[in-house]
Structures are given as structure tokens and as C-alpha cells.
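Quick look at entry_23.txt (compact mmCIF, C-alpha atoms):
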# COMPACT_ATOMS: atom_id res chain seq x y z
CA MET X 1 173.10 40.36 80.45
CA GLU X 2 173.27 39.00 76.91
CA LEU X 3 173.64 41.59 74.17
CA ASN X 4 170.34 40.72 72.47
CA ALA X 5 168.49 40.94 75.78
CA LEU X 6 170.07 44.31 76.45
CA LEU X 7 169.10 45.64 73.03
CA ALA X 8 165.52 44.40 73.47
CA GLN X 9 165.00 46.82 76.35
CA PRO X 10 163.39 50.21 75.71
CA PHE X 11 165.91 53.00 76.22
CA VAL X 12 165.15 56.65 76.81
CA LEU X 13 168.31 58.60 76.06
CA PRO X 14 168.37 62.08 77.64
CA SER X 15 169.05 65.26 75.70
CA LEU X 16 170.97 68.40 76.51
CA PRO X 17 168.42 70.84 78.02
CA ARG X 18 169.95 73.87 76.34
CA ALA X 19 169.86 72.23 72.92
CA VAL X 20 166.18 71.38 73.36
CA ALA X 21 165.35 74.91 74.52
CA LEU X 22 167.22 76.52 71.63
CA LEU X 23 165.60 74.18 69.13
CA MET X 24 162.11 74.93 70.42
CA ASN X 25 162.88 78.64 70.16
CA GLU X 26 164.16 78.27 66.59
CA LEU X 27 161.25 76.06 65.56
CA GLY X 28 158.86 78.70 66.90
CA ALA X 29 160.13 81.25 64.37
CA ALA X 30 158.11 82.06 61.27
CA GLU X 31 160.95 80.72 59.11
CA PRO X 32 163.35 78.54 61.13
CA ASN X 33 167.00 78.83 60.12
CA LEU X 34 168.00 75.50 58.57
CA ARG X 35 171.68 75.99 59.35
CA ARG X 36 170.87 76.64 63.00
CA LEU X 37 168.63 73.56 63.17
CA ASN X 38 171.45 71.49 61.72
CA GLN X 39 173.87 72.90 64.31
CA LEU X 40 171.59 72.18 67.24
CA PHE X 41 170.50 68.67 66.22
CA GLY X 42 174.17 67.98 65.52
CA SER X 43 175.12 68.89 69.07
CA ASP X 44 173.14 66.20 70.85
CA PRO X 45 173.41 62.42 70.30
CA ALA X 46 169.91 61.64 71.56
CA LEU X 47 168.22 64.32 69.44
CA ALA X 48 170.22 63.27 66.38
CA ALA X 49 169.23 59.64 66.94
CA ARG X 50 165.54 60.54 67.27
CA LEU X 51 165.71 62.65 64.10
CA LEU X 52 167.49 59.99 62.04
CA GLU X 53 165.21 57.24 63.32
CA GLU X 54 162.18 59.25 62.26
CA ALA X 55 163.66 60.09 58.86
CA ASN X 56 164.43 56.41 58.21
CA SER X 57 161.02 55.19 59.35
CA PRO X 58 158.57 53.61 56.86
CA ALA X 59 156.41 56.73 57.14
CA PHE X 60 158.80 58.58 54.84
CA ALA X 61 159.69 55.69 52.53
CA ALA X 62 162.79 57.46 51.29
CA GLN X 63 164.45 56.00 48.20
CA ARG X 64 167.63 55.51 50.22
CA GLN X 65 168.53 55.43 53.88
CA ILE X 66 169.24 58.77 55.48
CA VAL X 67 172.77 59.01 56.83
CA GLY X 68 172.97 62.55 58.16
CA ILE X 69 171.12 65.38 59.86
CA PRO X 70 170.92 67.71 56.81
CA GLU X 71 169.13 65.02 54.78
CA ALA X 72 166.77 64.24 57.64
CA LEU X 73 165.85 67.91 58.10
CA ALA X 74 164.98 68.09 54.41
CA LEU X 75 162.38 65.34 54.90
CA LEU X 76 160.63 66.42 58.10
CA GLY X 77 158.32 69.40 58.39
CA VAL X 78 158.48 72.01 61.14
CA ALA X 79 155.48 70.56 62.97
CA GLN X 80 157.09 67.10 63.01
CA LEU X 81 160.38 68.52 64.23
CA ARG X 82 158.65 70.47 66.97
CA SER X 83 156.82 67.37 68.16
CA LEU X 84 160.03 65.33 68.12
CA VAL X 85 161.97 67.92 70.12
CA SER X 86 159.22 68.78 72.62
CA SER X 87 158.89 65.13 73.63
CA ALA X 88 162.63 64.65 74.19
CA PRO X 89 163.53 63.65 77.77
CA LEU X 90 166.05 65.99 79.36
CA GLY X 91 169.26 65.11 81.16
CA THR X 92 168.68 67.50 84.01
CA THR X 93 170.22 65.66 86.97
CA SER X 94 173.13 63.37 87.78
CA ARG X 95 170.57 60.56 88.08
CA SER X 96 169.45 60.87 84.45
CA VAL X 97 172.02 58.21 83.53
CA PRO X 98 173.46 56.80 86.77
CA GLY X 99 177.24 56.68 86.74
CA VAL X 100 177.70 58.95 83.69
CA ASN X 101 178.60 62.63 83.80
CA LEU X 102 176.36 63.79 80.97
CA GLN X 103 178.14 67.12 80.50
CA HIS X 104 181.37 65.23 79.85
CA PHE X 105 179.57 62.72 77.63
CA TRP X 106 177.96 65.41 75.46
CA ARG X 107 181.27 67.25 75.14
CA TYR X 108 183.14 64.06 74.25
CA SER X 109 180.53 62.98 71.69
CA LEU X 110 180.60 66.35 69.97
CA ASN X 111 184.38 66.44 69.85
CA THR X 112 184.47 62.91 68.43
CA ALA X 113 181.97 63.88 65.74
CA LYS X 114 183.99 66.94 64.74
CA LEU X 115 187.22 64.97 64.64
CA ALA X 116 185.64 62.15 62.62
CA ARG X 117 184.36 64.68 60.10
CA SER X 118 187.83 66.23 59.80
CA PHE X 119 189.60 62.90 59.40
CA ALA X 120 187.04 61.77 56.83
CA GLY X 121 187.76 64.89 54.83
CA LEU X 122 191.47 64.15 54.87
CA VAL X 123 190.96 60.63 53.50
CA HIS X 124 188.16 61.62 51.08
CA HIS X 125 185.44 59.70 52.89
CA ASN X 126 181.81 60.68 53.51
CA GLN X 127 182.05 63.47 56.09
CA ILE X 128 178.34 63.45 56.90
CA ALA X 129 178.41 59.73 57.68
CA ALA X 130 181.55 60.25 59.75
CA TYR X 131 179.95 63.02 61.78
CA THR X 132 176.86 60.90 62.43
CA ALA X 133 178.96 57.93 63.50
CA GLY X 134 181.09 60.10 65.76
CA LEU X 135 178.09 61.70 67.43
CA LEU X 136 176.27 58.40 68.04
CA HIS X 137 179.12 55.99 68.74
CA GLY X 138 178.95 56.39 72.52
CA VAL X 139 175.20 55.99 73.07
CA GLY X 140 175.79 52.33 73.86
CA GLU X 141 177.57 53.42 77.04
CA LEU X 142 174.44 55.28 78.14
CA ALA X 143 172.32 52.23 77.35
CA LEU X 144 174.60 49.99 79.42
CA HIS X 145 174.31 52.29 82.42
CA LEU X 146 170.55 52.61 82.08
CA ALA X 147 170.09 48.86 81.78
CA ASP X 148 172.16 47.84 84.82
CA PRO X 149 173.28 50.84 86.91
CA ALA X 150 174.66 48.81 89.82
CA ARG X 151 176.83 46.59 87.66
CA MET X 152 178.11 49.49 85.59
CA GLN X 153 178.99 51.44 88.72
CA SER X 154 181.23 48.55 89.71
CA VAL X 155 182.89 48.73 86.30
CA ASN X 156 183.31 52.50 86.70
CA THR X 157 185.40 51.95 89.83
CA LEU X 158 187.89 50.07 87.66
CA VAL X 159 187.91 52.29 84.57
CA ALA X 160 185.92 55.49 84.01
CA PRO X 161 183.31 55.52 81.20
CA LEU X 162 185.40 57.74 78.89
CA ASP X 163 188.76 56.14 79.66
CA PRO X 164 190.57 54.98 76.48
CA ARG X 165 190.72 51.45 77.98
CA ARG X 166 186.97 51.21 78.51
CA ALA X 167 185.99 49.15 75.45
CA LYS X 168 188.58 46.46 76.15
CA LEU X 169 187.45 46.12 79.76
CA GLU X 170 183.79 45.81 78.77
CA GLN X 171 184.67 43.24 76.11
CA HIS X 172 186.55 41.22 78.72
CA LEU X 173 183.76 41.40 81.31
CA PHE X 174 180.64 41.13 79.11
CA GLY X 175 181.77 39.64 75.81
CA TYR X 176 180.80 42.91 74.08
CA SER X 177 181.42 46.60 74.58
CA TYR X 178 179.51 49.84 74.24
CA ALA X 179 180.47 49.76 70.54
CA GLN X 180 178.32 46.71 69.80
CA VAL X 181 175.47 48.22 71.82
CA SER X 182 175.69 51.48 69.85
CA ALA X 183 175.65 49.50 66.60
CA GLY X 184 172.63 47.49 67.74
CA LEU X 185 170.73 50.65 68.59
CA ALA X 186 171.67 52.24 65.25
CA TRP X 187 170.41 49.12 63.46
CA ARG X 188 167.16 49.39 65.41
CA TRP X 189 166.90 53.03 64.33
CA GLN X 190 167.30 51.83 60.72
CA LEU X 191 170.46 53.80 60.06
CA PRO X 192 172.50 52.91 56.96
CA GLU X 193 174.71 49.83 57.14
CA VAL X 194 177.88 51.87 56.63
CA VAL X 195 177.22 53.71 59.91
CA VAL X 196 176.10 50.59 61.81
CA ASP X 197 179.19 48.72 60.64
CA ALA X 198 181.52 51.57 61.65
CA LEU X 199 179.94 51.75 65.10
CA ARG X 200 180.26 48.00 65.61
CA HIS X 201 183.91 47.73 64.56
CA HIS X 202 185.45 51.08 65.46
CA GLY X 203 187.04 49.67 68.61
CA ALA X 204 188.98 47.10 66.54
CA PRO X 205 188.67 48.08 62.85
CA PHE X 206 190.75 45.18 61.53
CA ASP X 207 188.56 42.55 63.20
CA ASN X 208 185.89 43.11 60.57
CA GLU X 209 185.86 40.64 57.67
CA VAL X 210 186.15 43.57 55.30
CA TYR X 211 188.06 46.58 56.60
CA GLU X 212 185.82 49.65 56.47
CA PRO X 213 187.68 52.99 56.42
CA LEU X 214 184.89 54.73 58.34
CA ALA X 215 185.55 52.40 61.29
CA GLY X 216 189.19 53.46 61.17
CA VAL X 217 188.24 57.13 61.01
CA LEU X 218 185.96 56.70 64.01
CA HIS X 219 188.65 54.75 65.88
CA LEU X 220 191.12 57.62 65.54
CA ALA X 221 188.52 60.24 66.43
CA ALA X 222 187.43 58.38 69.57
CA TRP X 223 191.06 57.81 70.57
CA ARG X 224 191.86 61.51 70.28
CA ALA X 225 188.73 62.67 72.09
CA ARG X 226 189.20 60.16 74.94
CA ALA X 227 192.87 61.08 75.22
CA ARG X 228 191.79 64.68 75.61
CA GLU X 229 189.27 63.77 78.31
CA ALA X 230 192.00 61.80 80.10
CA GLY X 231 194.43 64.71 79.85
CA LEU X 232 197.16 62.64 78.21
CA GLY X 233 200.49 64.39 77.68
CA GLN X 234 202.68 64.30 74.57
CA ARG X 235 204.55 61.15 75.61
CA GLU X 236 201.34 59.30 76.51
CA LEU X 237 199.79 60.36 73.21
CA ALA X 238 202.78 59.06 71.27
CA VAL X 239 202.76 55.73 73.11
CA SER X 240 199.02 55.15 72.80
CA PHE X 241 198.55 56.36 69.22
CA PRO X 242 196.91 53.57 67.15
CA GLY X 243 199.60 53.54 64.48
CA GLU X 244 198.26 50.60 62.44
CA VAL X 245 194.93 52.36 61.95
CA GLY X 246 196.75 55.56 61.05
CA VAL X 247 198.89 53.77 58.46
CA ALA X 248 195.81 52.18 56.86
CA LEU X 249 194.25 55.62 56.49
CA GLY X 250 197.48 57.42 55.58
CA LEU X 251 197.33 59.58 58.71
CA ASP X 252 200.29 59.95 61.08
CA ILE X 253 200.08 61.25 64.63
CA ASP X 254 200.98 64.81 63.65
CA MET X 255 198.17 64.94 61.09
CA VAL X 256 195.73 63.56 63.65
CA LEU X 257 196.70 66.01 66.40
CA GLN X 258 196.53 68.96 64.01
CA GLN X 259 192.82 68.28 63.48
CA ASP X 260 191.88 69.03 67.09
CA PRO X 261 188.58 70.91 67.40
CA ILE X 262 189.33 74.60 67.93
CA ASP X 263 186.88 74.83 70.84
CA TRP X 264 188.16 72.14 73.25
CA THR X 265 187.50 74.55 76.12
CA VAL X 266 183.94 75.48 75.11
CA ARG X 267 181.32 73.96 77.38
CA PRO X 268 178.64 71.85 75.62
CA ASP X 269 175.99 74.23 76.94
CA ALA X 270 177.61 77.36 75.58
CA GLY X 271 177.44 79.01 72.18
CA ASP X 272 177.26 77.31 68.81
CA TYR X 273 178.02 73.64 68.40
CA VAL X 274 179.19 72.63 64.95
Entire entry expressed as C-alpha cells:
Amino acid sequence: MELNALLAQPFVLPSLPRAVALLMNELGAAEPNLRRLNQLFGSDPALAARLLEEANSPAFAAQRQIVGIPEALALLGVAQLRSLVSSAPLGTTSRSVPGVNLQHFWRYSLNTAKLARSFAGLVHHNQIAAYTAGLLHGVGELALHLADPARMQSVNTLVAPLDPRRAKLEQHLFGYSYAQVSAGLAWRWQLPEVVVDALRHHGAPFDNEVYEPLAGVLHLAAWRARAREAGLGQRELAVSFPGEVGVALGLDIDMVLQQDPIDWTVRPDAGDYV
């Protein structure tokens, strides 16, 4: 399927049931806790995408595009948030996105977002934009599986969805990868160009006409989170570390590994999120 044809399809991305339930509970309070709302929206790629798409819609006519969840929450009222959350489809079964383990996907996306935020802080880049990019960068993989489950299942037998080699395989087979799909969706959601550009080029940051540091930040974050999912040991980490991207950002492998999220072992359906 051509990329434009894929992006023209309507996608319904599922949300984490616990995040939806906790959000509805918080939004039912007389005075919802803004920090808690930020935490919960920031735990789920689909909810974050819905929120940012709404905040960037013509209905709000903001003076500038909204790049992060805190800004979006400042625009929308409680009634609008409640409507947005209550209508969110839930990822309740293994068939919600055929071929994708959603628990692993949610965990991976959250870890990537946290890592991207940490790396952005180290290189004095926009941490809110980095977190948004990290949280949303993998939604293209969900879209690919929803659009053509049978074909993607065949791909999964070669390389698992969260394998560090996944983007290269998709690029070889389709002429594009989940990264370009994620960027296309973000553009459709009217997210700022800096985020769209980072999503599109994070797999190969130097292929962009103008190198964008946020793409490099996201590249390192996704590498570390996927390496964690793959259970890579110290030697495999050293061999696979994207050194050129690290050099461009001024980050060596020790600096990158020291920024690991402190809650690698926390399940995505347990406790606080960000």
C-alpha cells in the first residue's frame, strides 16, 4: 500500500483502559488536579494524540501550534476533556491491534517519551516537544497493523514490532517505515512542524536536508527503549549504540545509559506514569 493511501484511511487508535478510567474519575472531581491530568494524558499515545489534535483544531484558533500536553490542557475545559476521554476506544483485547502486544507498546512508548525528555534536557532542547515526540513516535506501527493485519503479521515473523531493526526492514519492504506513518498522522493532527519533522526523520536523523536535534534525541531514546525491550546485554548495547548521533548531540553511551527511566519494571497499568 502506498504511504498516501495508508494515511488516507481512518484510524482508531486504542487507549489504555486504566488511563481512561483514572481520567474519567479525575475529571469527575469538583476541581480536577491538573498535574494528575497531565500525568494520565502523558501515559497514553492515543489519548495524547486526541488531546493535541483537539487543541490544534481551528475551533481554538491558538496563536501558535500546541506542542505539549500541559499547553493543551490549558486550552480545553473539563467538559471537553470528559467528552474526549469518554469516547476513546479501549485496547481491551489482543485483537484491538492485530499482531501488536499493546501492553508492551504502551510501556515502550512511555519509556521512549521519558528518555527523550531526559536527553532533551541534557542538550538544552525543548523537553515538552521531546516528550510528545517520544510518546507519539510509534503510533505509525499501530496504523500499519490496523491497515493490513495479514501483511504485517508476515513481517512480524521476520522481526518483531519493537525490534531495533524494525524500521530498516519496513523501509526495505514498503519504501517507508512506521516513522513516516507516525509523521503523516501527526501532520494530519496539525501538530507543530518540529514534532512532525522529528517523527519523520528519527530513524535516520542525518538523512534530513537540515539536521534537526530533536530527531537525534528521539533516535537515541527509541534505540535505548527498544534495546531494553529486546533485553540487550552490555556488549550488544556497545555494538549497537548509534555513535554518530551521540557525537552530534554531545552524548556518549555512558551518558545515555545513565538516563534510564527509574521504573523500567513498573507495568504500564500500575501507579503513576510520568
Give me the residues near Asn56 of chain X as a short mmCIF file (atom, residue, chain, number, x, y, z; two decimals) with C-alpha atoms, in the frame of the given file, where near means some atom within 12 Å (using only C-alpha atoms) and where sequence neighbours in that chain fewer than 3 positions away do not count.
data_model
loop_
_atom_site.label_atom_id
_atom_site.label_comp_id
_atom_site.auth_asym_id
_atom_site.auth_seq_id
_atom_site.Cartn_x
_atom_site.Cartn_y
_atom_site.Cartn_z
CA ALA X 49 169.23 59.64 66.94
CA ARG X 50 165.54 60.54 67.27
CA LEU X 51 165.71 62.65 64.10
CA LEU X 52 167.49 59.99 62.04
CA GLU X 53 165.21 57.24 63.32
CA ALA X 59 156.41 56.73 57.14
CA PHE X 60 158.80 58.58 54.84
CA ALA X 61 159.69 55.69 52.53
CA ALA X 62 162.79 57.46 51.29
CA GLN X 63 164.45 56.00 48.20
CA ARG X 64 167.63 55.51 50.22
CA GLN X 65 168.53 55.43 53.88
CA ILE X 66 169.24 58.77 55.48
CA VAL X 67 172.77 59.01 56.83
CA GLY X 68 172.97 62.55 58.16
CA ILE X 69 171.12 65.38 59.86
CA GLU X 71 169.13 65.02 54.78
CA ALA X 72 166.77 64.24 57.64
CA LEU X 73 165.85 67.91 58.10
CA LEU X 75 162.38 65.34 54.90
CA LEU X 76 160.63 66.42 58.10
CA ALA X 186 171.67 52.24 65.25
CA TRP X 187 170.41 49.12 63.46
CA ARG X 188 167.16 49.39 65.41
CA TRP X 189 166.90 53.03 64.33
CA GLN X 190 167.30 51.83 60.72
CA LEU X 191 170.46 53.80 60.06
CA PRO X 192 172.50 52.91 56.96
#
Separation of atom CA of Gln171 of chain X from atom CA of Gln153 of chain X, in Å and rounded to one decimal
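It comes out at 16.1 Å.
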Return the single residue from X:Ala222, X:Leu122, X:Ile128, X:Ala46 that is closest to Arg165 of chain X, with distances computed using only C-alpha atoms.
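Looking at the shortest contact to Arg165 of chain X, the residue is X:Ala222.
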Considering only C-alpha atoms, state which residue in the set X:Leu47, X:Leu251, X:Ala8, X:Ala150 is at the smallest distance from Ala88 of chain X.
X:Leu47
Can you pull out the residues contacting Leu218 of chain X? Cut-off 8 Å, using only C-alpha atoms, and skip same-chain residues under 4 positions away; I want them as a ChimeraX atom specification.
/X:112,116,130,133-134,198-199,202,214,222
Is there a way to get, as a ChimeraX atom specification, all residues within 12 Å of the point (167.7, 41.7, 71.3) in file coordinates, counting all atoms listed in the file?
/X:1-10,180-181,184-185,187-188
With all atoms listed in the file as the basis for distance, which of X:Ser118, X:Ser154, X:Ser240, X:Thr92 is at the shortest distance from Gln259 of chain X?
X:Ser118
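Each of X:Leu13, X:Leu34, X:Ala160, X:Leu22 was checked against Ser182 of chain X using only C-alpha atoms; the smallest atom-to-atom distance is that of X:Leu13.
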